[in-house]
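Participant: The structure's right below; bear with me while I get my questions together.
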Amino acid sequence: MSLFDKIKTDIVESHVWKSIFRHGYDDTPRNRVMMVTSNVFLHLHPAKVRRHAVRMRFTWCMGGLTFLMFLMTTITGVYLMFYYRPVAEYAYADMKYLEFDMPFGMLMRNMHRWAAHAMIVFVWLHMFRVFLTGSYKPPREFNWIVGVLLLVLTLLLSFTGYLLPWDQLAIWAVTVGSNMARATPLLGYEGPFADFVGANPIYDARAFLFGGGEIGPHTLLRFYILHCIFIPLVASILMAVHFWRIRRDGFSGPSL
Amino acid sequence: MAEVARERKLPVDDKIHTWPHLVRMEFLLALFALVGLTLWSIMIDAPLEEAANPTRTPNPSKAPWYFLGLQEMLVYFDPWNAGVVLPSLIIVGLMVIPYIDINRKGNGYYCFKDRKWEILTFFFGFHILWIVMIIIGTFFRGPGWNLFWPWQRWDPHKVVALTNVDLPYLLGFRDYWLSAAFSLFAIGAYFVVGMIGFYYFVLKVKGKDFLERWGMVRFTLVGMLLVLMMSLPVKMFLRLAFNVKYVLVTPWINI
């Protein structure tokens, strides 16, 4: 036994090592199952999956990539949060600071934005694939509903983030998008039947969204909190439900 | 072993271990995706325009690209409809899909033949109405939300004659109440004809047996969603072919 092997054995068989890693990489059926069941992250999967379901031309992997993009936006987003203040006076200056002065600031911002766009494309493709394979059919009906909610949240995540750079692109895109809310029937002051409920520019659906009658500093703070805390939190809970139900029901496939 | 099972029509265990088969694929794909994302982010910078200025409205003002389908709908419907009611119906319509589709075939595999109409409907709603509208809104709409071809200059002073008239006016109604009565009739007729047409269509392509299994609730739900979805291309046609502004004009809502 060489010195290297001896050191390796000493480490791998030590009390500490064994308490962390309970099994090695032995290629036995039992160990393959243990790999999945004893790992909290891999435990998202069942220990065994149906053969056809892991073929690329069946799954397209779009759901997994959507989740990956969510993780990427979370990681890069935390980095951006260190240097960004959601205050109208500072927000735009912080963007410039981030782009020109922070190490990897521009790269982090680029990755955050492009991952967000990719997430939307992937989630649409995921929905399209699930429809094509009819994977929403029993017993997975409810998971489709959770998926639709996640689709809406993905769009809202992206939309609330759109305002944060506080540049011309941001406020006008959000203005155009949010102006719909003031036309909500009954609840928006420009919508049908607004008079019956007394909706007015500073007391209607859009004002609730904006935190005031016009887009302004209060809107920035509101969208920031929605973007960084509220929507990711709700989305995470729904994702847990979404993944757990896939885990329970298994991947869809033709009946045997 | 498997062949014996297949001959006797016994269930075959076609399962493979997640580790390594699935985990390996996920790992490789994540790697490719992250390399792609990193390269893309190194090469293309996220846009940052001048600082926000509430007193200077850019022309055109566009929503984020994924909402441009909705913004494009504003050309044809008022905001309460294009921006609130129809988007809500899209979400509700997507959610009810598993409950209105009682076709047990095509679960877990690609098959066009077994689910022709389901797939065509989804294709029409998603690819034609949603994606094409986004493409039009992104690439073909310039200042004043006017149509521009990609090779045309975005001229902010482009003159477009406003020749749109309301449907009752187009058909010769000049009296207010007669116009309103005709409008209501036209909209009611659209729904009635749409639902009856849908009934006979389902009867023809799916058969009486299917309609009975489908039930009244599902039929009505799908019919209404379909008729409402088709209201967009119908209104687009009326606008583009006959310059129809509104079909229904009232002091409260216009359609």
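A note on labels: chains of the structure tokens are A, B, ... as shown, every chain counts residues from 1, and ligands are counted from 1 in their shown order.
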What are the residues of chain A lining chain B at 6 Å or less? Count only C-alpha atoms, and put the answer as a ChimeraX atom specification.
Facilitator: /A:32,47-51,110-111,133-137,141,145,166-168,173,176-177,180,183-184,191-192,252-254,256
Participant: Residues as selected, N, CA and C atoms, written as a CSV table (one decimal), in the first residue's frame, can you do that?
Facilitator:
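File produced: part15.csv:
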```csv
chain,number,residue,atom,x,y,z
A,32,ARG,N,-26.6,3.0,-5.7
A,32,ARG,CA,-27.2,3.9,-6.6
A,32,ARG,C,-28.5,4.5,-6.0
A,47,ALA,N,-35.8,7.3,-6.7
A,47,ALA,CA,-34.6,6.6,-6.8
A,47,ALA,C,-34.5,6.0,-8.2
A,48,LYS,N,-35.7,5.7,-8.8
A,48,LYS,CA,-35.7,5.1,-10.1
A,48,LYS,C,-36.6,5.9,-11.0
A,49,VAL,N,-36.3,6.0,-12.2
A,49,VAL,CA,-37.2,6.7,-13.2
A,49,VAL,C,-37.4,5.8,-14.4
A,50,ARG,N,-38.5,6.1,-15.1
A,50,ARG,CA,-38.8,5.3,-16.3
A,50,ARG,C,-37.8,5.7,-17.4
A,51,ARG,N,-37.5,4.6,-18.1
A,51,ARG,CA,-36.4,4.8,-19.1
A,51,ARG,C,-36.7,5.9,-20.2
A,110,ASN,N,-25.7,41.4,-16.1
A,110,ASN,CA,-26.0,40.7,-17.4
A,110,ASN,C,-26.6,39.3,-17.2
A,111,MET,N,-25.9,38.6,-16.3
A,111,MET,CA,-26.3,37.2,-16.1
A,111,MET,C,-27.7,37.2,-15.4
A,133,THR,N,-47.1,16.3,-24.6
A,133,THR,CA,-47.1,14.9,-24.1
A,133,THR,C,-48.3,14.6,-23.2
A,134,GLY,N,-49.2,15.5,-23.1
A,134,GLY,CA,-50.4,15.3,-22.3
A,134,GLY,C,-50.1,14.9,-20.9
A,135,SER,N,-49.0,15.5,-20.4
A,135,SER,CA,-48.6,15.1,-19.0
A,135,SER,C,-49.5,15.7,-17.9
A,136,TYR,N,-50.4,16.6,-18.3
A,136,TYR,CA,-51.3,17.2,-17.3
A,136,TYR,C,-52.5,16.2,-17.0
A,137,LYS,N,-52.6,15.1,-17.7
A,137,LYS,CA,-53.7,14.2,-17.5
A,137,LYS,C,-53.6,13.5,-16.2
A,141,GLU,N,-53.4,16.5,-12.8
A,141,GLU,CA,-54.1,17.7,-13.1
A,141,GLU,C,-53.8,18.9,-12.3
A,145,ILE,N,-52.0,23.1,-12.6
A,145,ILE,CA,-52.5,24.4,-12.1
A,145,ILE,C,-51.4,25.1,-11.3
A,166,TRP,N,-34.3,51.8,-12.8
A,166,TRP,CA,-34.8,53.2,-12.7
A,166,TRP,C,-34.3,54.0,-13.8
A,167,ASP,N,-34.2,53.5,-15.0
A,167,ASP,CA,-33.9,54.3,-16.2
A,167,ASP,C,-35.2,54.5,-17.0
A,168,GLN,N,-35.0,55.1,-18.1
A,168,GLN,CA,-36.2,55.4,-19.0
A,168,GLN,C,-36.9,54.1,-19.4
A,173,ALA,N,-41.7,51.1,-19.4
A,173,ALA,CA,-42.2,49.8,-19.7
A,173,ALA,C,-43.1,49.4,-18.5
A,176,VAL,N,-46.4,51.4,-18.9
A,176,VAL,CA,-47.3,50.8,-19.9
A,176,VAL,C,-47.9,49.5,-19.4
A,177,GLY,N,-47.1,48.7,-18.7
A,177,GLY,CA,-47.7,47.4,-18.3
A,177,GLY,C,-48.7,47.6,-17.1
A,180,MET,N,-52.6,49.0,-17.3
A,180,MET,CA,-53.8,48.1,-17.5
A,180,MET,C,-54.6,48.1,-16.2
A,183,ALA,N,-57.5,50.2,-15.6
A,183,ALA,CA,-58.7,49.9,-16.5
A,183,ALA,C,-59.5,48.7,-15.9
A,184,THR,N,-59.1,48.2,-14.8
A,184,THR,CA,-59.8,47.0,-14.2
A,184,THR,C,-61.2,47.4,-14.0
A,191,GLY,N,-61.6,52.2,-15.5
A,191,GLY,CA,-62.3,51.0,-16.0
A,191,GLY,C,-63.8,51.2,-16.0
A,192,PRO,N,-64.5,50.2,-16.6
A,192,PRO,CA,-66.0,50.3,-16.6
A,192,PRO,C,-66.5,50.2,-15.2
A,252,SER,N,-44.5,11.2,-16.3
A,252,SER,CA,-45.6,10.7,-17.2
A,252,SER,C,-45.0,9.8,-18.2
A,253,GLY,N,-45.8,8.9,-18.7
A,253,GLY,CA,-45.3,8.0,-19.7
A,253,GLY,C,-46.5,7.1,-20.2
A,254,PRO,N,-46.3,6.4,-21.3
A,254,PRO,CA,-47.4,5.5,-21.7
A,254,PRO,C,-47.6,4.4,-20.7
A,256,LEU,N,-47.9,0.8,-19.2
A,256,LEU,CA,-47.2,-0.5,-19.7
A,256,LEU,C,-48.2,-1.5,-20.1
```
Participant: Can you pull out the residues contacting region 21-29 of chain A? Cut-off 9 Å, using only C-alpha atoms, and skip same-chain residues under 5 positions away; I want them as a list in words.
Facilitator: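 Once the nearby chain positions are removed, what remains is Val12, Val16, Met34, Met35 and Ser38 of chain A; His17 of chain B.
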Participant: Take the residues from that selection and put them in a file with C-alpha atoms, as a PDB file, in the first residue's frame.
Facilitator:
```
ATOM      1  CA  VAL A  12     -12.174   8.030   4.259  1.00  0.00           C
ATOM      2  CA  VAL A  16     -15.555  12.605  10.837  1.00  0.00           C
ATOM      3  CA  MET A  34     -28.592   5.399  -1.572  1.00  0.00           C
ATOM      4  CA  MET A  35     -27.003   8.159  -3.667  1.00  0.00           C
ATOM      5  CA  SER A  38     -29.551   9.952   1.375  1.00  0.00           C
TER       6      SER A  38
ATOM      7  CA  HIS B  17     -31.606   4.272 -11.673  1.00  0.00           C
TER       8      HIS B  17
END
```
Participant: Quick one: residues within 10 Å of Gly64 (chain A), only C-alpha atoms, excluding same-chain residues fewer than 3 positions away - as a VMD selection string?
Facilitator: (chain A and resid 59 to 61 67 to 70 122 to 123 126) or (chain B and resid 26 29 to 30)
Participant: With C-alpha atoms kept, could you save the residues just selected as an mmCIF file, in the first residue's frame?
Facilitator:
```cif
data_model
loop_
_atom_site.group_PDB
_atom_site.id
_atom_site.type_symbol
_atom_site.label_atom_id
_atom_site.label_comp_id
_atom_site.auth_asym_id
_atom_site.auth_seq_id
_atom_site.Cartn_x
_atom_site.Cartn_y
_atom_site.Cartn_z
ATOM 1 C CA THR A 59 -38.424 15.774 -21.732
ATOM 2 C CA TRP A 60 -36.543 18.675 -23.414
ATOM 3 C CA CYS A 61 -35.387 19.324 -19.792
ATOM 4 C CA PHE A 67 -35.346 26.016 -12.075
ATOM 5 C CA LEU A 68 -31.645 26.410 -12.863
ATOM 6 C CA MET A 69 -32.302 29.894 -14.218
ATOM 7 C CA PHE A 70 -34.274 30.680 -11.058
ATOM 8 C CA PHE A 122 -37.867 27.991 -20.822
ATOM 9 C CA VAL A 123 -41.058 28.052 -18.785
ATOM 10 C CA HIS A 126 -41.846 23.604 -20.595
ATOM 11 C CA GLU B 26 -29.060 17.074 -15.527
ATOM 12 C CA LEU B 29 -27.254 20.116 -19.310
ATOM 13 C CA ALA B 30 -26.803 22.514 -16.388
#
```
Participant: Considering only C-alpha atoms, return as a PyMOL selection string whatever protein or nucleic-acid residues lie within 9 Å of region 225-230 of chain B, sequence-local ones (same chain, fewer than 6 positions apart) excluded.
Facilitator: chain B and resi 86+89-90+93+121+125+190-191+194-195+198
Participant: As a PyMOL selection string, please: all residues of region 166-215 of chain A that backbone DSSP puts in alpha helix (DSSP H).
Facilitator: chain A and resi 168-178+194-197+205-210
Participant: Export C-alpha atoms of the chosen residues as a short mmCIF file (atom, residue, chain, number, x, y, z; two decimals), in the first residue's frame?
Facilitator:
```cif
data_model
loop_
_atom_site.label_atom_id
_atom_site.label_comp_id
_atom_site.auth_asym_id
_atom_site.auth_seq_id
_atom_site.Cartn_x
_atom_site.Cartn_y
_atom_site.Cartn_z
CA GLN A 168 -36.19 55.40 -18.98
CA LEU A 169 -36.66 51.85 -20.25
CA ALA A 170 -37.67 50.70 -16.78
CA ILE A 171 -40.24 53.28 -15.74
CA TRP A 172 -41.96 53.52 -19.11
CA ALA A 173 -42.18 49.79 -19.66
CA VAL A 174 -43.64 49.39 -16.18
CA THR A 175 -45.94 52.37 -16.74
CA VAL A 176 -47.30 50.82 -19.92
CA GLY A 177 -47.68 47.43 -18.25
CA SER A 178 -49.28 48.74 -15.06
CA ALA A 194 -65.53 52.62 -11.58
CA ASP A 195 -68.03 55.24 -10.37
CA PHE A 196 -70.10 52.61 -8.59
CA VAL A 197 -67.25 51.75 -6.23
CA ALA A 205 -56.08 48.92 -8.36
CA ARG A 206 -53.15 50.70 -9.98
CA ALA A 207 -52.59 52.93 -6.96
CA PHE A 208 -52.45 49.79 -4.84
CA LEU A 209 -49.79 48.38 -7.17
CA PHE A 210 -47.86 51.65 -7.37
#
```
Participant: Find, counting only C-alpha atoms, the residue in A:Gly198, A:Pro232, A:Pro217, A:Gly250 that gets nearest to Leu157 (chain A).
Facilitator: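 The closest residue to Leu157 (chain A) is A:Pro232.
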Participant: Enumerate, as a PyMOL selection string, the complete set of residues in region 10-239 of chain B that a backbone-based DSSP assignment places in strand (DSSP E or B).
Facilitator: chain B and resi 15-17+51+141+147+165
Participant: Once you have the residues from the selection above, write them out as a PDB file, in the first residue's frame, restricted to C-alpha atoms.
Facilitator:
```
ATOM      1  CA  LYS B  15     -37.161   1.730 -14.741  1.00  0.00           C
ATOM      2  CA  ILE B  16     -33.552   2.811 -14.549  1.00  0.00           C
ATOM      3  CA  HIS B  17     -31.606   4.272 -11.673  1.00  0.00           C
ATOM      4  CA  ALA B  51     -32.052  58.021 -15.830  1.00  0.00           C
ATOM      5  CA  ARG B 141     -44.562  48.526 -34.048  1.00  0.00           C
ATOM      6  CA  LEU B 147     -46.942  49.431 -38.207  1.00  0.00           C
ATOM      7  CA  VAL B 165     -65.804  53.771 -37.569  1.00  0.00           C
TER       8      VAL B 165
END
```
